[in-house]
file target_16.cif (mmCIF, N, CA and C atoms)
data_final
#
loop_
_atom_site.label_atom_id
_atom_site.label_comp_id
_atom_site.auth_asym_id
_atom_site.auth_seq_id
_atom_site.Cartn_x
_atom_site.Cartn_y
_atom_site.Cartn_z
N ASN M 1 26.14 -30.76 23.33
CA ASN M 1 25.59 -29.65 22.57
C ASN M 1 26.59 -29.22 21.50
N ALA M 2 26.11 -29.09 20.29
CA ALA M 2 26.98 -28.63 19.21
C ALA M 2 27.06 -27.11 19.19
N VAL M 3 25.94 -26.46 19.41
CA VAL M 3 25.87 -25.00 19.40
C VAL M 3 24.95 -24.57 20.52
N ARG M 4 25.37 -23.59 21.30
CA ARG M 4 24.51 -23.05 22.35
C ARG M 4 24.32 -21.57 22.09
N SER M 5 23.10 -21.11 22.28
CA SER M 5 22.78 -19.71 22.08
C SER M 5 22.16 -19.17 23.36
N SER M 6 22.33 -17.91 23.59
CA SER M 6 21.74 -17.31 24.78
C SER M 6 20.31 -16.86 24.54
N VAL M 7 19.84 -17.02 23.31
CA VAL M 7 18.47 -16.62 22.99
C VAL M 7 17.71 -17.80 22.40
N ALA M 8 16.42 -17.78 22.50
CA ALA M 8 15.57 -18.86 22.01
C ALA M 8 15.14 -18.59 20.57
N LEU M 9 14.59 -19.63 19.95
CA LEU M 9 14.06 -19.54 18.60
C LEU M 9 13.06 -18.40 18.50
N GLY M 10 13.15 -17.64 17.43
CA GLY M 10 12.24 -16.52 17.23
C GLY M 10 12.84 -15.20 17.66
N GLU M 11 13.81 -15.24 18.55
CA GLU M 11 14.51 -14.02 18.95
C GLU M 11 15.70 -13.81 18.03
N VAL M 12 16.15 -12.58 17.92
CA VAL M 12 17.30 -12.27 17.08
C VAL M 12 18.50 -13.09 17.56
N GLY M 13 19.14 -13.81 16.66
CA GLY M 13 20.29 -14.65 16.99
C GLY M 13 19.93 -16.05 17.40
N GLY M 14 18.64 -16.39 17.40
CA GLY M 14 18.20 -17.72 17.83
C GLY M 14 18.20 -18.76 16.72
N SER M 15 18.61 -18.37 15.53
CA SER M 15 18.71 -19.31 14.42
C SER M 15 19.89 -18.87 13.56
N GLY M 16 20.17 -19.62 12.51
CA GLY M 16 21.29 -19.24 11.65
C GLY M 16 21.59 -20.27 10.60
N LEU M 17 22.81 -20.24 10.11
CA LEU M 17 23.29 -21.16 9.09
C LEU M 17 24.56 -21.84 9.57
N ILE M 18 24.61 -23.15 9.45
CA ILE M 18 25.86 -23.87 9.69
C ILE M 18 26.69 -23.69 8.43
N GLN M 19 27.88 -23.11 8.58
CA GLN M 19 28.70 -22.77 7.41
C GLN M 19 29.92 -23.65 7.24
N ASN M 20 30.48 -24.13 8.34
CA ASN M 20 31.74 -24.86 8.27
C ASN M 20 31.78 -25.85 9.41
N VAL M 21 32.26 -27.06 9.13
CA VAL M 21 32.39 -28.09 10.15
C VAL M 21 33.81 -28.65 10.09
N ILE M 22 34.47 -28.70 11.25
CA ILE M 22 35.82 -29.24 11.34
C ILE M 22 35.81 -30.37 12.37
N LEU M 23 36.30 -31.52 11.97
CA LEU M 23 36.45 -32.66 12.86
C LEU M 23 37.95 -32.93 12.92
N SER M 24 38.54 -32.81 14.11
CA SER M 24 39.98 -33.00 14.21
C SER M 24 40.30 -34.10 15.21
N PHE M 25 41.45 -34.74 14.99
CA PHE M 25 41.94 -35.81 15.85
C PHE M 25 43.36 -35.47 16.26
N ARG M 26 43.68 -35.70 17.52
CA ARG M 26 45.02 -35.41 18.03
C ARG M 26 46.05 -36.41 17.52
N ASP M 27 45.61 -37.62 17.23
CA ASP M 27 46.51 -38.67 16.79
C ASP M 27 46.16 -39.11 15.37
N ALA M 28 47.05 -39.83 14.75
CA ALA M 28 46.83 -40.29 13.37
C ALA M 28 45.57 -41.13 13.27
N VAL M 29 44.87 -40.97 12.17
CA VAL M 29 43.61 -41.68 11.92
C VAL M 29 43.64 -42.22 10.50
N THR M 30 43.24 -43.47 10.33
CA THR M 30 42.97 -43.96 8.99
C THR M 30 41.46 -44.10 8.89
N GLY M 31 40.90 -43.60 7.84
CA GLY M 31 39.46 -43.54 7.64
C GLY M 31 39.20 -42.27 6.86
N THR M 32 38.25 -42.29 5.98
CA THR M 32 38.11 -41.14 5.10
C THR M 32 36.71 -40.58 4.99
N PHE M 33 35.75 -41.12 5.71
CA PHE M 33 34.39 -40.60 5.60
C PHE M 33 33.74 -40.51 6.97
N ALA M 34 33.08 -39.40 7.23
CA ALA M 34 32.32 -39.23 8.47
C ALA M 34 31.08 -38.41 8.16
N ASP M 35 30.03 -38.66 8.90
CA ASP M 35 28.80 -37.89 8.82
C ASP M 35 28.57 -37.22 10.16
N ILE M 36 28.14 -35.97 10.14
CA ILE M 36 27.78 -35.26 11.36
C ILE M 36 26.28 -35.01 11.28
N TYR M 37 25.54 -35.65 12.18
CA TYR M 37 24.09 -35.46 12.27
C TYR M 37 23.82 -34.29 13.21
N TYR M 38 23.06 -33.30 12.76
CA TYR M 38 22.69 -32.16 13.60
C TYR M 38 21.20 -32.26 13.92
N PHE M 39 20.89 -32.02 15.21
CA PHE M 39 19.52 -32.10 15.71
C PHE M 39 19.12 -30.77 16.32
N GLY M 40 17.86 -30.37 16.14
CA GLY M 40 17.33 -29.15 16.74
C GLY M 40 16.87 -29.34 18.17
N ALA M 41 16.75 -30.57 18.61
CA ALA M 41 16.40 -30.91 19.99
C ALA M 41 17.18 -32.17 20.35
N SER M 42 17.33 -32.40 21.62
CA SER M 42 18.11 -33.55 22.08
C SER M 42 17.53 -34.86 21.53
N PRO M 43 18.35 -35.65 20.83
CA PRO M 43 17.86 -36.94 20.33
C PRO M 43 17.65 -37.90 21.49
N THR M 44 16.44 -38.42 21.61
CA THR M 44 16.12 -39.28 22.75
C THR M 44 16.12 -40.76 22.39
N GLY M 45 15.97 -41.10 21.12
CA GLY M 45 15.93 -42.50 20.73
C GLY M 45 17.15 -42.95 19.95
N SER M 46 17.85 -42.02 19.32
CA SER M 46 19.05 -42.35 18.54
C SER M 46 20.25 -42.33 19.48
N GLN M 47 20.93 -43.44 19.57
CA GLN M 47 22.05 -43.51 20.49
C GLN M 47 23.35 -43.24 19.75
N CYS M 48 24.02 -42.20 20.17
CA CYS M 48 25.32 -41.84 19.62
C CYS M 48 26.36 -42.22 20.66
N ILE M 49 26.81 -43.46 20.60
CA ILE M 49 27.70 -44.03 21.61
C ILE M 49 28.99 -44.47 20.92
N ASP M 50 30.11 -44.19 21.57
CA ASP M 50 31.42 -44.56 21.05
C ASP M 50 31.48 -46.06 20.73
N ASN M 51 32.04 -46.39 19.58
CA ASN M 51 32.26 -47.77 19.14
C ASN M 51 30.99 -48.59 19.00
N SER M 52 29.90 -47.95 18.60
CA SER M 52 28.67 -48.70 18.34
C SER M 52 28.03 -48.18 17.06
N ASN M 53 27.17 -48.98 16.47
CA ASN M 53 26.49 -48.58 15.25
C ASN M 53 25.46 -47.50 15.56
N PHE M 54 25.34 -46.55 14.67
CA PHE M 54 24.37 -45.46 14.83
C PHE M 54 23.18 -45.73 13.92
N ALA M 55 22.00 -45.58 14.46
CA ALA M 55 20.77 -45.66 13.67
C ALA M 55 19.86 -44.53 14.11
N LEU M 56 19.36 -43.78 13.16
CA LEU M 56 18.44 -42.69 13.47
C LEU M 56 17.09 -43.28 13.86
N ALA M 57 16.65 -43.00 15.07
CA ALA M 57 15.38 -43.52 15.56
C ALA M 57 14.22 -42.71 14.98
N GLU M 58 13.11 -43.36 14.77
CA GLU M 58 11.91 -42.70 14.24
C GLU M 58 11.51 -41.50 15.10
N ILE M 59 11.64 -41.63 16.41
CA ILE M 59 11.26 -40.55 17.33
C ILE M 59 12.11 -39.29 17.13
N ASP M 60 13.29 -39.43 16.55
CA ASP M 60 14.20 -38.29 16.34
C ASP M 60 14.19 -37.76 14.91
N ARG M 61 13.44 -38.39 14.04
CA ARG M 61 13.44 -38.01 12.62
C ARG M 61 13.07 -36.54 12.39
N ASP M 62 12.08 -36.05 13.11
CA ASP M 62 11.66 -34.66 12.93
C ASP M 62 12.55 -33.65 13.65
N LYS M 63 13.51 -34.14 14.41
CA LYS M 63 14.46 -33.26 15.09
C LYS M 63 15.69 -32.95 14.23
N ILE M 64 15.83 -33.67 13.11
CA ILE M 64 17.01 -33.52 12.26
C ILE M 64 17.04 -32.14 11.60
N ILE M 65 18.17 -31.47 11.74
CA ILE M 65 18.43 -30.24 11.01
C ILE M 65 19.03 -30.60 9.66
N GLY M 66 19.96 -31.55 9.67
CA GLY M 66 20.61 -31.99 8.45
C GLY M 66 21.82 -32.85 8.78
N VAL M 67 22.44 -33.36 7.74
CA VAL M 67 23.62 -34.21 7.89
C VAL M 67 24.73 -33.61 7.03
N VAL M 68 25.90 -33.43 7.63
CA VAL M 68 27.07 -32.94 6.91
C VAL M 68 27.96 -34.14 6.61
N HIS M 69 28.30 -34.32 5.34
CA HIS M 69 29.17 -35.42 4.92
C HIS M 69 30.60 -34.88 4.80
N ILE M 70 31.51 -35.51 5.52
CA ILE M 70 32.91 -35.06 5.50
C ILE M 70 33.75 -36.13 4.82
N SER M 71 34.45 -35.73 3.77
CA SER M 71 35.35 -36.66 3.08
C SER M 71 36.72 -36.03 2.83
N ASP M 72 36.91 -34.83 3.32
CA ASP M 72 38.18 -34.12 3.13
C ASP M 72 39.02 -34.26 4.40
N PHE M 73 39.87 -35.30 4.45
CA PHE M 73 40.74 -35.57 5.60
C PHE M 73 42.17 -35.21 5.23
N THR M 74 42.82 -34.42 6.08
CA THR M 74 44.20 -34.01 5.85
C THR M 74 45.04 -34.40 7.05
N SER M 75 46.12 -35.14 6.80
CA SER M 75 47.00 -35.57 7.87
C SER M 75 48.18 -34.62 7.98
N SER M 76 48.45 -34.16 9.20
CA SER M 76 49.61 -33.32 9.47
C SER M 76 50.51 -34.00 10.48
N THR M 77 50.52 -35.27 10.50
CA THR M 77 51.29 -36.17 11.35
C THR M 77 51.70 -35.54 12.67
N PRO M 78 51.10 -35.88 13.77
CA PRO M 78 50.08 -36.90 13.90
C PRO M 78 48.65 -36.35 13.83
N VAL M 79 48.47 -35.03 13.85
CA VAL M 79 47.13 -34.44 13.86
C VAL M 79 46.44 -34.64 12.52
N VAL M 80 45.14 -34.94 12.57
CA VAL M 80 44.33 -35.10 11.36
C VAL M 80 43.16 -34.12 11.43
N ILE M 81 42.96 -33.37 10.35
CA ILE M 81 41.86 -32.42 10.27
C ILE M 81 40.95 -32.87 9.13
N ALA M 82 39.65 -32.94 9.42
CA ALA M 82 38.64 -33.24 8.40
C ALA M 82 37.67 -32.08 8.38
N GLN M 83 37.22 -31.70 7.19
CA GLN M 83 36.38 -30.52 7.13
C GLN M 83 35.36 -30.57 6.00
N ALA M 84 34.31 -29.81 6.20
CA ALA M 84 33.32 -29.54 5.16
C ALA M 84 33.10 -28.03 5.18
N ASN M 85 33.32 -27.39 4.04
CA ASN M 85 33.25 -25.93 3.95
C ASN M 85 32.13 -25.49 3.03
N ASN M 86 31.84 -24.20 3.07
CA ASN M 86 30.88 -23.56 2.18
C ASN M 86 29.48 -24.16 2.28
N LEU M 87 29.08 -24.46 3.52
CA LEU M 87 27.74 -24.98 3.75
C LEU M 87 26.78 -23.80 3.95
N ALA M 88 25.53 -24.06 3.84
CA ALA M 88 24.49 -23.05 4.13
C ALA M 88 23.28 -23.79 4.68
N MET M 89 23.49 -24.54 5.76
CA MET M 89 22.45 -25.38 6.35
C MET M 89 21.70 -24.58 7.42
N PRO M 90 20.42 -24.22 7.16
CA PRO M 90 19.67 -23.47 8.16
C PRO M 90 19.46 -24.29 9.42
N PHE M 91 19.53 -23.63 10.58
CA PHE M 91 19.27 -24.33 11.83
C PHE M 91 18.47 -23.43 12.76
N ALA M 92 17.81 -24.08 13.68
CA ALA M 92 17.13 -23.41 14.79
C ALA M 92 16.95 -24.45 15.88
N PRO M 93 17.15 -24.07 17.11
CA PRO M 93 16.88 -25.01 18.20
C PRO M 93 15.37 -25.20 18.33
N SER M 94 14.99 -26.16 19.15
CA SER M 94 13.56 -26.37 19.38
C SER M 94 12.97 -25.08 19.94
N PRO M 95 11.65 -24.88 19.80
CA PRO M 95 11.05 -23.60 20.21
C PRO M 95 11.38 -23.16 21.63
N ALA M 96 11.56 -24.09 22.55
CA ALA M 96 11.85 -23.72 23.94
C ALA M 96 13.34 -23.79 24.24
N GLY M 97 14.15 -24.18 23.25
CA GLY M 97 15.56 -24.44 23.52
C GLY M 97 16.50 -23.38 23.00
N THR M 98 17.74 -23.52 23.40
CA THR M 98 18.78 -22.61 22.94
C THR M 98 20.00 -23.39 22.44
N SER M 99 19.82 -24.69 22.13
CA SER M 99 20.95 -25.52 21.71
C SER M 99 20.59 -26.37 20.51
N ILE M 100 21.61 -26.73 19.73
CA ILE M 100 21.46 -27.81 18.76
C ILE M 100 22.48 -28.88 19.13
N TRP M 101 22.19 -30.11 18.74
CA TRP M 101 23.03 -31.25 19.12
C TRP M 101 23.66 -31.86 17.87
N ALA M 102 24.78 -32.55 18.05
CA ALA M 102 25.47 -33.20 16.94
C ALA M 102 25.92 -34.59 17.34
N CYS M 103 25.97 -35.47 16.35
CA CYS M 103 26.49 -36.82 16.53
C CYS M 103 27.42 -37.10 15.36
N ALA M 104 28.69 -37.39 15.65
CA ALA M 104 29.67 -37.71 14.61
C ALA M 104 29.69 -39.22 14.40
N VAL M 105 29.55 -39.63 13.13
CA VAL M 105 29.47 -41.05 12.80
C VAL M 105 30.52 -41.38 11.75
N ALA M 106 31.39 -42.33 12.05
CA ALA M 106 32.40 -42.80 11.09
C ALA M 106 31.71 -43.66 10.05
N ARG M 107 31.96 -43.40 8.78
CA ARG M 107 31.35 -44.17 7.70
C ARG M 107 32.34 -45.10 7.01
N SER M 108 33.52 -45.21 7.57
CA SER M 108 34.51 -46.18 7.13
C SER M 108 35.22 -46.66 8.39
N THR M 109 36.01 -47.68 8.27
CA THR M 109 36.72 -48.19 9.44
C THR M 109 37.76 -47.18 9.88
N PHE M 110 37.62 -46.67 11.09
CA PHE M 110 38.58 -45.73 11.65
C PHE M 110 39.55 -46.49 12.54
N VAL M 111 40.82 -46.29 12.31
CA VAL M 111 41.85 -46.81 13.21
C VAL M 111 42.58 -45.59 13.73
N ILE M 112 42.52 -45.40 15.04
CA ILE M 112 43.14 -44.24 15.66
C ILE M 112 44.35 -44.70 16.45
N THR M 113 45.51 -44.13 16.13
CA THR M 113 46.71 -44.47 16.89
C THR M 113 46.75 -43.58 18.12
N GLY M 114 47.16 -44.12 19.23
CA GLY M 114 47.20 -43.34 20.47
C GLY M 114 45.83 -43.23 21.09
N ILE M 115 45.63 -42.16 21.84
CA ILE M 115 44.38 -41.96 22.58
C ILE M 115 43.26 -41.53 21.65
N GLY M 116 43.56 -40.74 20.63
CA GLY M 116 42.58 -40.37 19.62
C GLY M 116 41.59 -39.31 20.03
N TYR M 117 42.00 -38.35 20.83
CA TYR M 117 41.09 -37.27 21.19
C TYR M 117 40.53 -36.63 19.93
N ALA M 118 39.22 -36.45 19.92
CA ALA M 118 38.55 -35.84 18.77
C ALA M 118 37.91 -34.53 19.19
N SER M 119 37.79 -33.63 18.25
CA SER M 119 37.16 -32.34 18.50
C SER M 119 36.25 -32.01 17.31
N LEU M 120 35.06 -31.52 17.60
CA LEU M 120 34.12 -31.09 16.56
C LEU M 120 33.91 -29.60 16.71
N ILE M 121 34.18 -28.86 15.65
CA ILE M 121 33.98 -27.42 15.64
C ILE M 121 32.92 -27.12 14.58
N THR M 122 31.88 -26.41 14.99
CA THR M 122 30.81 -26.00 14.09
C THR M 122 30.81 -24.48 14.01
N LYS M 123 31.05 -23.95 12.82
CA LYS M 123 31.05 -22.50 12.65
C LYS M 123 29.72 -22.09 12.03
N ILE M 124 29.10 -21.10 12.66
CA ILE M 124 27.76 -20.71 12.23
C ILE M 124 27.70 -19.22 11.92
N LEU M 125 26.68 -18.84 11.18
CA LEU M 125 26.32 -17.46 10.96
C LEU M 125 24.96 -17.28 11.61
N ARG M 126 24.92 -16.50 12.68
CA ARG M 126 23.66 -16.29 13.39
C ARG M 126 22.79 -15.28 12.66
N GLN M 127 21.49 -15.53 12.69
CA GLN M 127 20.54 -14.62 12.02
C GLN M 127 19.69 -13.92 13.05
#
call {"tool": "encode", "arguments": {"input": "target_16.cif", "output": "C-alpha cells"}}
result
Amino acid sequence: NAVRSSVALGEVGGSGLIQNVILSFRDAVTGTFADIYYFGASPTGSQCIDNSNFALAEIDRDKIIGVVHISDFTSSTPVVIAQANNLAMPFAPSPAGTSIWACAVARSTFVITGIGYASLITKILRQ
C-alpha cells in the first residue's frame, strides 16, 4: 500500500492530491529514471516483481491514478535520493477501499551496490 486512509472514498479525507514522491536507496545506485505507478485499487493483473519487466495489464488500466516520472537523482554517498516535487495528482481509493497502491519501475539499468534497501515516500494533501 502506498497510502492508507482511515476513511473511505466520499468521506472527508478519503481523497486528495499526491504532491511529492521520494524514492531513496541506502546504497549507491547508478540509474537515472524511474516511474511510480499509482493505483486506486489493488492491481490484480500487473505484476510488480523485483528484477522483472513491468507491463500494465488491461484489467488494471482503469485502476490507474497516474504515473510519476522521477529523473532527479542525488547521490550523498552512499545514500541516493530521487524525487518528484510540486505534483498535483488527484487520487481516491476504490469506492470500498481506504488504500492506494504503488509500483516503482526502473526505466534505466539500475546497479545497486550493497543490499540496496529502497524506500518510497508519498506525500499527500488530503481533501
call {"tool": "resolve_selection", "arguments": {"input": "target_16.cif", "expression": "the PyMOL selection byres ((chain M and resi 122) around 6.5)", "output": "NGL selection string"}}
result
:M and (2 or 19-22 or 120-121 or 123-124)
call {"tool": "write_last_selection", "arguments": {"input": "target_16.cif", "atoms": "N, CA and C atoms", "output": "PDB file, keeping the file's coordinate frame"}}
result
ATOM      1  N   ALA M   2      26.110 -29.090  20.290  1.00  0.00           N
ATOM      2  CA  ALA M   2      26.980 -28.630  19.210  1.00  0.00           C
ATOM      3  C   ALA M   2      27.060 -27.110  19.190  1.00  0.00           C
ATOM      4  N   GLN M  19      27.880 -23.110   8.580  1.00  0.00           N
ATOM      5  CA  GLN M  19      28.700 -22.770   7.410  1.00  0.00           C
ATOM      6  C   GLN M  19      29.920 -23.650   7.240  1.00  0.00           C
ATOM      7  N   ASN M  20      30.480 -24.130   8.340  1.00  0.00           N
ATOM      8  CA  ASN M  20      31.740 -24.860   8.270  1.00  0.00           C
ATOM      9  C   ASN M  20      31.780 -25.850   9.410  1.00  0.00           C
ATOM     10  N   VAL M  21      32.260 -27.060   9.130  1.00  0.00           N
ATOM     11  CA  VAL M  21      32.390 -28.090  10.150  1.00  0.00           C
ATOM     12  C   VAL M  21      33.810 -28.650  10.090  1.00  0.00           C
ATOM     13  N   ILE M  22      34.470 -28.700  11.250  1.00  0.00           N
ATOM     14  CA  ILE M  22      35.820 -29.240  11.340  1.00  0.00           C
ATOM     15  C   ILE M  22      35.810 -30.370  12.370  1.00  0.00           C
ATOM     16  N   LEU M 120      35.060 -31.520  17.600  1.00  0.00           N
ATOM     17  CA  LEU M 120      34.120 -31.090  16.560  1.00  0.00           C
ATOM     18  C   LEU M 120      33.910 -29.600  16.710  1.00  0.00           C
ATOM     19  N   ILE M 121      34.180 -28.860  15.650  1.00  0.00           N
ATOM     20  CA  ILE M 121      33.980 -27.420  15.640  1.00  0.00           C
ATOM     21  C   ILE M 121      32.920 -27.120  14.580  1.00  0.00           C
ATOM     22  N   LYS M 123      31.050 -23.950  12.820  1.00  0.00           N
ATOM     23  CA  LYS M 123      31.050 -22.500  12.650  1.00  0.00           C
ATOM     24  C   LYS M 123      29.720 -22.090  12.030  1.00  0.00           C
ATOM     25  N   ILE M 124      29.100 -21.100  12.660  1.00  0.00           N
ATOM     26  CA  ILE M 124      27.760 -20.710  12.230  1.00  0.00           C
ATOM     27  C   ILE M 124      27.700 -19.220  11.920  1.00  0.00           C
TER      28      ILE M 124
END
call {"tool": "resolve_selection", "arguments": {"input": "target_16.cif", "expression": "the PyMOL selection byres (((chain M and resi 57 and name CA) around 9) and name CA)", "output": "NGL selection string"}}
result
:M and (43-47 or 55-56 or 58-61)
call {"tool": "atom_distance", "arguments": {"input": "target_16.cif", "atom1": "CA of Leu17 in chain M", "atom2": "CA of Leu87 in chain M"}}
result
7.9 Å
call {"tool": "closest_residue", "arguments": {"input": "target_16.cif", "among": "M:Lys63, M:Ala106, M:Ile49, M:Ser15", "to": "Ala92 in chain M", "atoms": "all atoms listed in the file"}}
result
M:Ser15
call {"tool": "atom_distance", "arguments": {"input": "target_16.cif", "atom1": "atom C of Ile36 in chain M", "atom2": "atom C of Ile64 in chain M"}}
result
9.7 Å
call {"tool": "resolve_selection", "arguments": {"input": "target_16.cif", "expression": "the PyMOL selection byres ((chain M and resi 66-83) around 8)", "output": "number ranges by chain"}}
result
M: 20-29, 31-40, 63-65, 84-86, 89-91
call {"tool": "closest_residue", "arguments": {"input": "target_16.cif", "among": "M:Asp62, M:Arg126, M:Gly16, M:Ser42", "to": "Ser99 in chain M", "atoms": "all atoms listed in the file"}}
result
M:Ser42
call {"tool": "select_by_dssp", "arguments": {"input": "target_16.cif", "residues": "range 17-65 of chain M", "states": "strand (DSSP E)", "output": "PyMOL selection string"}}
result
chain M and resi 17-25+29-30+34-39+64-65
call {"tool": "closest_residue", "arguments": {"input": "target_16.cif", "among": "M:Ala88, M:Cys103, M:Ile112, M:Ile18", "to": "Thr30 in chain M", "atoms": "only N, CA and C atoms"}}
result
M:Ile112
call {"tool": "build_atoms", "arguments": {"input": "target_16.cif", "residues": "range 80-101 of chain M", "atoms": "N, CA, C and O atoms", "output": "compact mmCIF listing (two decimals), keeping the file's coordinate frame"}}
result
# COMPACT_ATOMS: atom_id res chain seq x y z
N VAL M 80 45.14 -34.94 12.57
CA VAL M 80 44.33 -35.10 11.36
C VAL M 80 43.16 -34.12 11.43
O VAL M 80 42.48 -34.03 12.45
N ILE M 81 42.96 -33.37 10.35
CA ILE M 81 41.86 -32.42 10.27
C ILE M 81 40.95 -32.87 9.13
O ILE M 81 41.40 -33.13 8.02
N ALA M 82 39.65 -32.94 9.42
CA ALA M 82 38.64 -33.24 8.40
C ALA M 82 37.67 -32.08 8.38
O ALA M 82 37.33 -31.53 9.43
N GLN M 83 37.22 -31.70 7.19
CA GLN M 83 36.38 -30.52 7.13
C GLN M 83 35.36 -30.57 6.00
O GLN M 83 35.55 -31.26 5.01
N ALA M 84 34.31 -29.81 6.20
CA ALA M 84 33.32 -29.54 5.16
C ALA M 84 33.10 -28.03 5.18
O ALA M 84 32.78 -27.46 6.23
N ASN M 85 33.32 -27.39 4.04
CA ASN M 85 33.25 -25.93 3.95
C ASN M 85 32.13 -25.49 3.03
O ASN M 85 31.57 -26.28 2.27
N ASN M 86 31.84 -24.20 3.07
CA ASN M 86 30.88 -23.56 2.18
C ASN M 86 29.48 -24.16 2.28
O ASN M 86 28.79 -24.35 1.29
N LEU M 87 29.08 -24.46 3.52
CA LEU M 87 27.74 -24.98 3.75
C LEU M 87 26.78 -23.80 3.95
O LEU M 87 27.20 -22.69 4.23
N ALA M 88 25.53 -24.06 3.84
CA ALA M 88 24.49 -23.05 4.13
C ALA M 88 23.28 -23.79 4.68
O ALA M 88 22.18 -23.70 4.15
N MET M 89 23.49 -24.54 5.76
CA MET M 89 22.45 -25.38 6.35
C MET M 89 21.70 -24.58 7.42
O MET M 89 22.26 -24.27 8.46
N PRO M 90 20.42 -24.22 7.16
CA PRO M 90 19.67 -23.47 8.16
C PRO M 90 19.46 -24.29 9.42
O PRO M 90 19.27 -25.50 9.35
N PHE M 91 19.53 -23.63 10.58
CA PHE M 91 19.27 -24.33 11.83
C PHE M 91 18.47 -23.43 12.76
O PHE M 91 18.48 -22.22 12.63
N ALA M 92 17.81 -24.08 13.68
CA ALA M 92 17.13 -23.41 14.79
C ALA M 92 16.95 -24.45 15.88
O ALA M 92 16.64 -25.60 15.58
N PRO M 93 17.15 -24.07 17.11
CA PRO M 93 16.88 -25.01 18.20
C PRO M 93 15.37 -25.20 18.33
O PRO M 93 14.59 -24.51 17.70
N SER M 94 14.99 -26.16 19.15
CA SER M 94 13.56 -26.37 19.38
C SER M 94 12.97 -25.08 19.94
O SER M 94 13.69 -24.26 20.50
N PRO M 95 11.65 -24.88 19.80
CA PRO M 95 11.05 -23.60 20.21
C PRO M 95 11.38 -23.16 21.63
O PRO M 95 11.51 -21.98 21.90
N ALA M 96 11.56 -24.09 22.55
CA ALA M 96 11.85 -23.72 23.94
C ALA M 96 13.34 -23.79 24.24
O ALA M 96 13.76 -23.49 25.35
N GLY M 97 14.15 -24.18 23.25
CA GLY M 97 15.56 -24.44 23.52
C GLY M 97 16.50 -23.38 23.00
O GLY M 97 16.12 -22.48 22.27
N THR M 98 17.74 -23.52 23.40
CA THR M 98 18.78 -22.61 22.94
C THR M 98 20.00 -23.39 22.44
O THR M 98 21.08 -22.84 22.34
N SER M 99 19.82 -24.69 22.13
CA SER M 99 20.95 -25.52 21.71
C SER M 99 20.59 -26.37 20.51
O SER M 99 19.42 -26.68 20.29
N ILE M 100 21.61 -26.73 19.73
CA ILE M 100 21.46 -27.81 18.76
C ILE M 100 22.48 -28.88 19.13
O ILE M 100 23.49 -28.59 19.77
N TRP M 101 22.19 -30.11 18.74
CA TRP M 101 23.03 -31.25 19.12
C TRP M 101 23.66 -31.86 17.87
O TRP M 101 23.12 -31.72 16.77
